[in-house]
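Each remark here refers to the structure printed beneath this line.
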Amino acid sequence: DDPSVIAGICRISEMPVMVIGLDRGFDRFPDDAPLRPRPQGFRKAHRLMTLAARWRLPVVLLVDTPGAWPGIDSEEQGLASAIAQNLALLSDLPTPTISVTIGEGGSGGALALAVADRMLIQERAIFSVIAPEGAAAILYHDPDRAPELAASLKLTGRDLLRFGMVDGIIREPERGAATDVDLAAQLLERAITANLDELRRYDTRNLLNRRYERIRNLGDEFVRTPTRSRRFRKWMRNRLPKRQATRSSPPMEPNGQR
């Protein structure tokens with residue numbers, strides 16, 4: 001088991017769903033360092049998503065983690081493989097999926113639960129390939145320079161919505177979700193319910209096709225894909241051997257002879 005992954009079957013607006021969430025453990029382990037998901041946590045999520053598909057339950061994923069646990073023990077237990085298996089499963093899961101970033105979504109640990117039919121983010125949440133502190137430590141060897149990199153990482157909900165990485169921003173209470181947890185939960189429930197109602201109208205084939213197109217076109221508007229594709233095709237043509245010209249065969253007679 002992994003205490004950073006909390007999951008179970010519940011009802012959201014009377015709809016049975018499988019909820020899988022990443023929990024930092026502030027309430028349960030106040031004296032310990034914040035929890036990070038480990039390989040066994042991702043495999044736990046994988047098992048529950050498989051059960052959800054078997055029972056035709058929609059899957060709601062709640063993301064709040066700076067990233068997976070980066071220790072040597074995680075690598076020895078197959079961290080990269082566990083994350084990759086989740087990505088593969090979520091890409092083809094034959095049931096509606098919604099992923100909501102409710103705090104921090106960082107690196108592959110967040111991405112492992114962030115491939116879905118709908119990607120939502122709370123108003124003050126962030127989602128990035130790396131935390132600003134980590135980026136500052138790598139680039140400048142100084143985590144205190146994180147504020148300088150935060151803007152460049154484009155990690156806010158507004159940035160992600162503009163890039164097409166998320167499909168919607170969930171409003172929070174005026175002073176933040178932590179100041180009024182009940183209202184924040186109500187706003188979260190409304191957003192999830194509205195998206196589930198829409199997704200449940202699609203049959204499985206249409207749902208998977210739309211999910212594929214969504215994933216395939218991520219960032220397409222901001223990357224010059226056609227130009228790069230032309231360059232790649234030209235490079236491939238120059239590397240491949242020239243096709244030999246072949247003589248056309250004479251027409252076949254009705255009796256099978258040429």
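Going through the structure tokens in order, the chains are called A, B, and so on, while each chain numbers its residues from 1 and the ligands are numbered from 1 in the order shown.
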query = If you count only C-alpha atoms, which residues fall within 7 Å of Ser99 of chain A, apart from same-chain ones fewer than 3 positions away, as a list in words?
reply =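 Non-adjacent residues within range: Val60, Leu61, Leu62, Leu113, Ala114, Ala116, Arg118, Met119 and Leu120 of chain A.
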With N, CA and C atoms retained, could you export that selection as a short mmCIF file (atom, residue, chain, number, x, y, z; two decimals), in the first residue's frame?
data_model
loop_
_atom_site.label_atom_id
_atom_site.label_comp_id
_atom_site.auth_asym_id
_atom_site.auth_seq_id
_atom_site.Cartn_x
_atom_site.Cartn_y
_atom_site.Cartn_z
N VAL A 60 -12.49 9.59 -11.44
CA VAL A 60 -12.15 10.97 -11.09
C VAL A 60 -10.80 10.95 -10.39
N LEU A 61 -9.84 11.69 -10.92
CA LEU A 61 -8.48 11.71 -10.41
C LEU A 61 -8.19 13.09 -9.81
N LEU A 62 -7.75 13.11 -8.56
CA LEU A 62 -7.44 14.36 -7.86
C LEU A 62 -5.93 14.44 -7.64
N LEU A 113 -1.47 10.62 -13.22
CA LEU A 113 -2.91 10.67 -12.99
C LEU A 113 -3.53 11.86 -13.72
N ALA A 114 -2.91 12.28 -14.81
CA ALA A 114 -3.38 13.48 -15.50
C ALA A 114 -3.58 13.27 -16.99
N ALA A 116 -6.58 12.26 -19.29
CA ALA A 116 -8.01 12.06 -19.08
C ALA A 116 -8.81 12.72 -20.19
N ARG A 118 -11.10 14.89 -19.60
CA ARG A 118 -11.19 16.29 -19.19
C ARG A 118 -10.09 16.58 -18.17
N MET A 119 -9.36 17.65 -18.41
CA MET A 119 -8.35 18.13 -17.48
C MET A 119 -8.83 19.45 -16.89
N LEU A 120 -9.03 19.48 -15.58
CA LEU A 120 -9.48 20.68 -14.90
C LEU A 120 -8.44 21.08 -13.86
#
Could you tell me, as a PDB file with N, CA and C atoms, in the first residue's frame, which residues of segment 49-128 of chain A DSSP assigns to strand (DSSP E or B) when given the backbone?
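Produced file states_23.pdb, reproduced below:
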ATOM      1  N   VAL A  59     -13.995   7.530 -13.783  1.00  0.00           N
ATOM      2  CA  VAL A  59     -12.839   7.691 -12.897  1.00  0.00           C
ATOM      3  C   VAL A  59     -12.562   9.180 -12.701  1.00  0.00           C
ATOM      4  N   VAL A  60     -12.494   9.594 -11.444  1.00  0.00           N
ATOM      5  CA  VAL A  60     -12.147  10.974 -11.092  1.00  0.00           C
ATOM      6  C   VAL A  60     -10.796  10.952 -10.387  1.00  0.00           C
ATOM      7  N   LEU A  61      -9.842  11.688 -10.923  1.00  0.00           N
ATOM      8  CA  LEU A  61      -8.476  11.712 -10.410  1.00  0.00           C
ATOM      9  C   LEU A  61      -8.192  13.086  -9.807  1.00  0.00           C
ATOM     10  N   LEU A  62      -7.745  13.110  -8.561  1.00  0.00           N
ATOM     11  CA  LEU A  62      -7.439  14.358  -7.861  1.00  0.00           C
ATOM     12  C   LEU A  62      -5.930  14.436  -7.639  1.00  0.00           C
ATOM     13  N   VAL A  63      -5.318  15.457  -8.201  1.00  0.00           N
ATOM     14  CA  VAL A  63      -3.855  15.554  -8.221  1.00  0.00           C
ATOM     15  C   VAL A  63      -3.381  16.661  -7.286  1.00  0.00           C
ATOM     16  N   ASP A  64      -2.491  16.317  -6.384  1.00  0.00           N
ATOM     17  CA  ASP A  64      -1.827  17.293  -5.522  1.00  0.00           C
ATOM     18  C   ASP A  64      -0.513  16.693  -5.052  1.00  0.00           C
ATOM     19  N   THR A  65       0.538  16.922  -5.800  1.00  0.00           N
ATOM     20  CA  THR A  65       1.851  16.381  -5.458  1.00  0.00           C
ATOM     21  C   THR A  65       2.934  17.183  -6.173  1.00  0.00           C
ATOM     22  N   THR A  97     -13.143   9.696 -17.923  1.00  0.00           N
ATOM     23  CA  THR A  97     -12.099  10.043 -16.959  1.00  0.00           C
ATOM     24  C   THR A  97     -11.995  11.560 -16.835  1.00  0.00           C
ATOM     25  N   ILE A  98     -11.843  12.022 -15.605  1.00  0.00           N
ATOM     26  CA  ILE A  98     -11.650  13.445 -15.330  1.00  0.00           C
ATOM     27  C   ILE A  98     -10.493  13.576 -14.350  1.00  0.00           C
ATOM     28  N   SER A  99      -9.541  14.440 -14.668  1.00  0.00           N
ATOM     29  CA  SER A  99      -8.413  14.696 -13.777  1.00  0.00           C
ATOM     30  C   SER A  99      -8.469  16.153 -13.328  1.00  0.00           C
ATOM     31  N   VAL A 100      -8.382  16.361 -12.021  1.00  0.00           N
ATOM     32  CA  VAL A 100      -8.454  17.712 -11.461  1.00  0.00           C
ATOM     33  C   VAL A 100      -7.210  17.973 -10.615  1.00  0.00           C
ATOM     34  N   THR A 101      -6.491  19.026 -10.942  1.00  0.00           N
ATOM     35  CA  THR A 101      -5.367  19.446 -10.115  1.00  0.00           C
ATOM     36  C   THR A 101      -5.907  20.375  -9.036  1.00  0.00           C
ATOM     37  N   ILE A 102      -5.780  19.958  -7.785  1.00  0.00           N
ATOM     38  CA  ILE A 102      -6.387  20.701  -6.684  1.00  0.00           C
ATOM     39  C   ILE A 102      -5.346  21.411  -5.819  1.00  0.00           C
ATOM     40  N   GLY A 103      -4.094  21.327  -6.201  1.00  0.00           N
ATOM     41  CA  GLY A 103      -3.040  21.981  -5.433  1.00  0.00           C
ATOM     42  C   GLY A 103      -1.845  22.179  -6.339  1.00  0.00           C
ATOM     43  N   GLU A 104      -0.889  21.280  -6.222  1.00  0.00           N
ATOM     44  CA  GLU A 104       0.296  21.313  -7.073  1.00  0.00           C
ATOM     45  C   GLU A 104       0.354  20.047  -7.910  1.00  0.00           C
ATOM     46  N   GLY A 105       0.585  20.218  -9.196  1.00  0.00           N
ATOM     47  CA  GLY A 105       0.809  19.084 -10.081  1.00  0.00           C
ATOM     48  C   GLY A 105       2.224  19.170 -10.614  1.00  0.00           C
ATOM     49  N   GLY A 106       3.091  18.305 -10.141  1.00  0.00           N
ATOM     50  CA  GLY A 106       4.488  18.408 -10.509  1.00  0.00           C
ATOM     51  C   GLY A 106       5.046  17.149 -11.132  1.00  0.00           C
ATOM     52  N   ARG A 118     -11.099  14.893 -19.603  1.00  0.00           N
ATOM     53  CA  ARG A 118     -11.188  16.291 -19.185  1.00  0.00           C
ATOM     54  C   ARG A 118     -10.085  16.578 -18.167  1.00  0.00           C
ATOM     55  N   MET A 119      -9.364  17.655 -18.411  1.00  0.00           N
ATOM     56  CA  MET A 119      -8.347  18.129 -17.476  1.00  0.00           C
ATOM     57  C   MET A 119      -8.832  19.446 -16.894  1.00  0.00           C
ATOM     58  N   LEU A 120      -9.026  19.476 -15.584  1.00  0.00           N
ATOM     59  CA  LEU A 120      -9.478  20.679 -14.899  1.00  0.00           C
ATOM     60  C   LEU A 120      -8.441  21.083 -13.858  1.00  0.00           C
ATOM     61  N   ILE A 121      -8.493  22.341 -13.462  1.00  0.00           N
ATOM     62  CA  ILE A 121      -7.549  22.826 -12.460  1.00  0.00           C
ATOM     63  C   ILE A 121      -8.239  23.878 -11.608  1.00  0.00           C
ATOM     64  N   GLN A 122      -7.988  23.834 -10.311  1.00  0.00           N
ATOM     65  CA  GLN A 122      -8.544  24.859  -9.445  1.00  0.00           C
ATOM     66  C   GLN A 122      -7.841  26.192  -9.686  1.00  0.00           C
ATOM     67  N   ILE A 126      -1.433  24.871  -9.527  1.00  0.00           N
ATOM     68  CA  ILE A 126      -0.412  24.964 -10.569  1.00  0.00           C
ATOM     69  C   ILE A 126      -0.115  23.567 -11.100  1.00  0.00           C
ATOM     70  N   PHE A 127       0.378  23.515 -12.329  1.00  0.00           N
ATOM     71  CA  PHE A 127       0.750  22.238 -12.951  1.00  0.00           C
ATOM     72  C   PHE A 127       1.964  22.512 -13.826  1.00  0.00           C
ATOM     73  N   SER A 128       3.028  21.753 -13.622  1.00  0.00           N
ATOM     74  CA  SER A 128       4.259  22.032 -14.350  1.00  0.00           C
ATOM     75  C   SER A 128       5.104  20.780 -14.483  1.00  0.00           C
TER      76      SER A 128
END
key: Within 9 Å of Asp2 of chain A using only C-alpha atoms, minus same-chain residues under 6 positions, as an MDAnalysis selection string   = chainID A and resid 37:42 44
message = Rounded to one decimal, what separation in Å do you get between atom CA of Leu87 of chain A and atom CA of Arg158 of chain A?
response =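 Distance reported for this atom pair: 24.6 Å.
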Considering only C-alpha atoms, tabulate each residue of segment 61-145 of chain A that lies at most 7 Å from segment 188-207 of chain A along with its nearest interatomic pair and the corresponding distance in Å to one decimal; arrange the rows by chain and ascending residue number and present them as a tab-separated table.
residue	atom	partner	partner_atom	distance
A:Pro94	CA	A:Thr204	CA	5.9
A:Thr95	CA	A:Thr204	CA	6.9
A:Pro96	CA	A:Leu199	CA	6.1
task = Within 12 Å of Ala184 of chain A, counting only C-alpha atoms, which residues show up once you throw out same-chain ones fewer than 2 positions away? Write them as a list of chain:residue names, please.
result =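 The residues that qualify are A:Ile102, A:Gln122, A:Glu123, A:Arg124, A:Ile170, A:Arg171, A:Glu172, A:Pro173, A:Glu174, A:Arg175, A:Gly176, A:Ala177, A:Ala178, A:Thr179, A:Asp180, A:Val181, A:Asp182, A:Gln186, A:Leu187, A:Leu188, A:Glu189, A:Arg190, A:Ala191.
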message = Just checking: using only C-alpha atoms, which residue out of A:Gly157, A:Tyr140, A:Ala88, A:Arg145 ends up closest to Ile215 of chain A?
response =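 Distance minimum relative to Ile215 of chain A lands on A:Ala88.
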ask   = Distance atom CA of Ala7 of chain A-atom CA of Val19 of chain A, one decimal place?
value =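 Taking atom CA of Ala7 of chain A and atom CA of Val19 of chain A, their separation equals 5.4 Å.
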remark   = For Asp23 of chain A, the closest of A:Leu93, A:Arg162, A:Gly109, A:Gly78 counting only C-alpha atoms is A:Gly109
key: Polymer residues at most 10 Å from Ser91 of chain A, only C-alpha atoms, same-chain spacing of 5 or more positions, as a list in words   = Gln85, Asn86, Thr97, Val115, Ala116, Asp117, Leu208, Arg211, Tyr212 and Ile215 of chain A
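Straight-line separation from atom CA of Arg24 of chain A to atom CA of Ala125 of chain A: 14.6 Å.
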